[in-house]
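Working notes, structure below.
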Amino acid sequence: MIKQDNPNFPINPITVLIIGIIGVSTGSIFARLADAPALVTAAYRVGLASLVILPLAAWKAGDELRNLSFSDVKMAVLSGLFLALHFATWISSLDYTAIANSVVLVNTIPLWVGLFTPLITKDRLARATVVSIIISVVGGSIIGFGDFATGGRALLGDLLAVIGAICAAIYLLLGRNLRRKLSLLSYVAICYGSAALFLWLVVLVLKLPVTGYNTQTIAAFWAMALISQIIGHSSYNWALKWFSTGFVAVALLGEPIGATIMAYIIFNEGLTWVKFIGGLVILSAIYIAARGEQI
């Protein structure tokens with residue numbers, strides 16, 4: 001929960017998290033509206049966000065950036081690498097499976113935070129986390145069983161979404177320690193900038209099309225950069241300084257709700273009872289994991 005050694009917040013942190021939930025909930029919607037390859041969409045998302053963030057960071061946090069240690073820069077770049085992998089796999093999953101499936105599975109992040117915490121921080125894995133991982137496997141199997149009837153493409157999408165969750169968990173764990181030392185602008189400038197660099201290198205190496213997109217796709221790129229990334233992700237990165245990683249991760253559970261509602265309204269994408277039950281099982285597992293975390 002809220003760290004007690006920081007009682008005075010410049011802004012209500014719960015309000016920031018709510019804004020973040022709304023922001024990230026739009027990501028899957030804009031990604032679906034963008035008529036472009038998944039890797040190109042991901043590259044534009046963090047690339048355009050970096051174009052906005054980097055000049056601001058140079059202006060407001062230039063001295064801090066120049067005085068960063070090599071270790072801090074290295075860890076921020078590594079965090080950016082996992083952010084890039086998160087977007088590459090998660091956005092790719094939207095080409096194969098339903099938005100509701102993708103968003104629910106990618107939000108198993110608290111489970112992976114709990115699993116990787118002993119490896120990264122040497123903390124003991126809580127019993128509740130072990131139980132929640134088992135429950136999440138059951139929930140994932142229920143969703144996967146529902147997709148089996150539609151063929152391997154949906155299952156591939158579900159797998160990509162889970163990989164996206166694992167990468168996001170590592171990104172959060174790396175960012176947690178860095179945000180204790182670095183300002184938000186310094187951290188996101190390096191993290192988003194390096195993620196953009198990694199993604200654009202892959203796009204160029206694979207010779208994917210980067211121009212010639214229609215107005216809707218370009219608008220979706222900018223919307224993802226400004227709303228989903230700068231407002232949404234940056235709100236969570238801000239919160240990492242004031243909240244535990246477990247609490248920030250459980251706040252991410254608002255994303256499936258928002259994204260599913262938006263997908264229903266915009267794409268008329270409904271939920272079968274099998275997917276609904278599987279999603280509830282996974283969400284209950286995430287809740288147990290977050291409640292049992294002592295980070």
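We name chains A, B, ... following the order of the structure tokens; residues begin at 1 in each chain, and ligands are numbered from 1 as shown.
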Rows by chain and residue number, stretch 20-49 of chain A within 10 Å of stretch 85-107 of chain A, shortest pair, only C-alpha atoms, as a Markdown table:
| residue | atom | partner | partner_atom | distance |
| --- | --- | --- | --- | --- |
| A:Ser25 | CA | A:Val103 | CA | 8.7 |
| A:Gly27 | CA | A:Ile91 | CA | 8.9 |
| A:Ser28 | CA | A:Ile99 | CA | 6.7 |
| A:Ile29 | CA | A:Ile99 | CA | 8.0 |
| A:Ala31 | CA | A:Ile91 | CA | 6.8 |
| A:Arg32 | CA | A:Leu94 | CA | 7.0 |
| A:Pro37 | CA | A:Ser92 | CA | 8.1 |
| A:Ala38 | CA | A:Ser92 | CA | 5.0 |
| A:Leu39 | CA | A:Ala88 | CA | 5.5 |
| A:Val40 | CA | A:Ala88 | CA | 8.9 |
| A:Thr41 | CA | A:Ile91 | CA | 7.8 |
| A:Ala42 | CA | A:Phe87 | CA | 5.7 |
| A:Ala43 | CA | A:Ala88 | CA | 8.4 |
| A:Arg45 | CA | A:Phe87 | CA | 9.0 |
| A:Val46 | CA | A:Phe87 | CA | 9.1 |
Exercise. Determine, counting only C-alpha atoms, which protein, DNA and RNA residues have an atom within 9 Å of an atom of stretch 162-179 of chain A; residues of the same chain fewer than 4 positions away are not included. Present the result as a VMD selection string.
Key: chain A and resid 72 75 to 76 78 to 91 93 102 105 to 114 116 to 117 120 to 121 157 to 158 183 to 184 187 191 237 to 241 244 to 245 248 to 249
Quiz prompt | Atomic distance atom CA of A:Asn12 - atom CA of A:Leu54, expressed in Å with one decimal | solution = 25.8 Å
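One finds atom CA of A:Phe198 at 28.8 Å from atom CA of A:Phe243.
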What's around A:Val52 at 12 Å? Count only C-alpha atoms, leave out sequence neighbours fewer than 2 positions away in its own chain, and write the answer as a short mmCIF file (atom, residue, chain, number, x, y, z; two decimals) with N, CA and C atoms, in the first residue's frame.
data_model
loop_
_atom_site.label_atom_id
_atom_site.label_comp_id
_atom_site.auth_asym_id
_atom_site.auth_seq_id
_atom_site.Cartn_x
_atom_site.Cartn_y
_atom_site.Cartn_z
N ARG A 45 4.50 3.60 -31.00
CA ARG A 45 3.95 3.95 -29.68
C ARG A 45 5.04 4.55 -28.79
N VAL A 46 6.14 3.83 -28.60
CA VAL A 46 7.18 4.33 -27.70
C VAL A 46 8.07 5.36 -28.41
N GLY A 47 8.17 5.26 -29.74
CA GLY A 47 8.98 6.22 -30.47
C GLY A 47 8.41 7.63 -30.40
N LEU A 48 7.12 7.76 -30.68
CA LEU A 48 6.48 9.07 -30.61
C LEU A 48 6.44 9.59 -29.18
N ALA A 49 6.22 8.68 -28.23
CA ALA A 49 6.24 9.09 -26.82
C ALA A 49 7.62 9.64 -26.44
N SER A 50 8.67 8.99 -26.94
CA SER A 50 10.03 9.44 -26.65
C SER A 50 10.31 10.80 -27.26
N LEU A 54 11.75 13.14 -24.39
CA LEU A 54 13.18 13.43 -24.36
C LEU A 54 13.51 14.92 -24.29
N PRO A 55 12.90 15.77 -25.13
CA PRO A 55 13.20 17.20 -25.00
C PRO A 55 12.78 17.77 -23.65
N LEU A 56 11.65 17.29 -23.12
CA LEU A 56 11.18 17.75 -21.82
C LEU A 56 12.15 17.34 -20.72
N ALA A 57 12.65 16.09 -20.82
CA ALA A 57 13.60 15.60 -19.82
C ALA A 57 14.92 16.36 -19.89
N ALA A 58 15.37 16.65 -21.10
CA ALA A 58 16.61 17.41 -21.26
C ALA A 58 16.48 18.80 -20.65
N TRP A 59 15.30 19.38 -20.74
CA TRP A 59 15.05 20.71 -20.20
C TRP A 59 14.90 20.70 -18.68
N LEU A 185 10.88 11.84 -14.90
CA LEU A 185 11.33 12.25 -16.24
C LEU A 185 12.62 11.57 -16.64
N VAL A 188 11.80 7.65 -17.29
CA VAL A 188 11.03 7.32 -18.50
C VAL A 188 11.76 7.77 -19.75
N ALA A 189 12.58 8.82 -19.67
CA ALA A 189 13.33 9.26 -20.84
C ALA A 189 14.27 8.16 -21.31
N TYR A 192 11.85 4.66 -22.01
CA TYR A 192 11.08 4.74 -23.25
C TYR A 192 11.99 4.91 -24.45
N GLY A 193 13.04 5.73 -24.28
CA GLY A 193 13.96 5.97 -25.39
C GLY A 193 14.67 4.70 -25.83
N TRP A 222 -0.43 8.13 -32.61
CA TRP A 222 -0.28 9.27 -31.72
C TRP A 222 -1.11 9.10 -30.45
N ALA A 225 0.73 6.84 -28.15
CA ALA A 225 1.89 7.51 -27.58
C ALA A 225 1.50 8.48 -26.48
N LEU A 226 0.48 9.29 -26.75
CA LEU A 226 0.11 10.36 -25.81
C LEU A 226 -0.76 9.86 -24.65
N GLN A 229 0.69 5.59 -23.50
CA GLN A 229 2.07 5.53 -23.00
C GLN A 229 2.40 6.66 -22.03
N ILE A 230 2.33 7.91 -22.50
CA ILE A 230 2.76 9.03 -21.66
C ILE A 230 1.84 9.19 -20.44
N ILE A 231 0.53 9.14 -20.66
CA ILE A 231 -0.39 9.28 -19.52
C ILE A 231 -0.52 7.97 -18.75
#
Practice problem: May I ask for the distance between atom CA of A:Ser284 and atom CA of A:Glu255, given in Å to one decimal place? | Solution: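 For atom CA of A:Ser284 relative to atom CA of A:Glu255, the distance reads 14.7 Å.
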Quiz prompt | Sel. of helix (DSSP H, G or I) residues, stretch 21-179 of chain A, as a VMD selection string | solution = chain A and resid 21 to 25 27 to 33 38 to 60 62 to 66 70 to 93 99 to 106 109 to 121 127 to 148 152 to 179
Quiz item: Near A:Ile227, within 9 Å and counting only C-alpha atoms, which residues show up once chain neighbours fewer than 4 positions away are dropped, as a PyMOL selection string?
Solution: chain A and resi 22-24+26-27+222-223+231-233
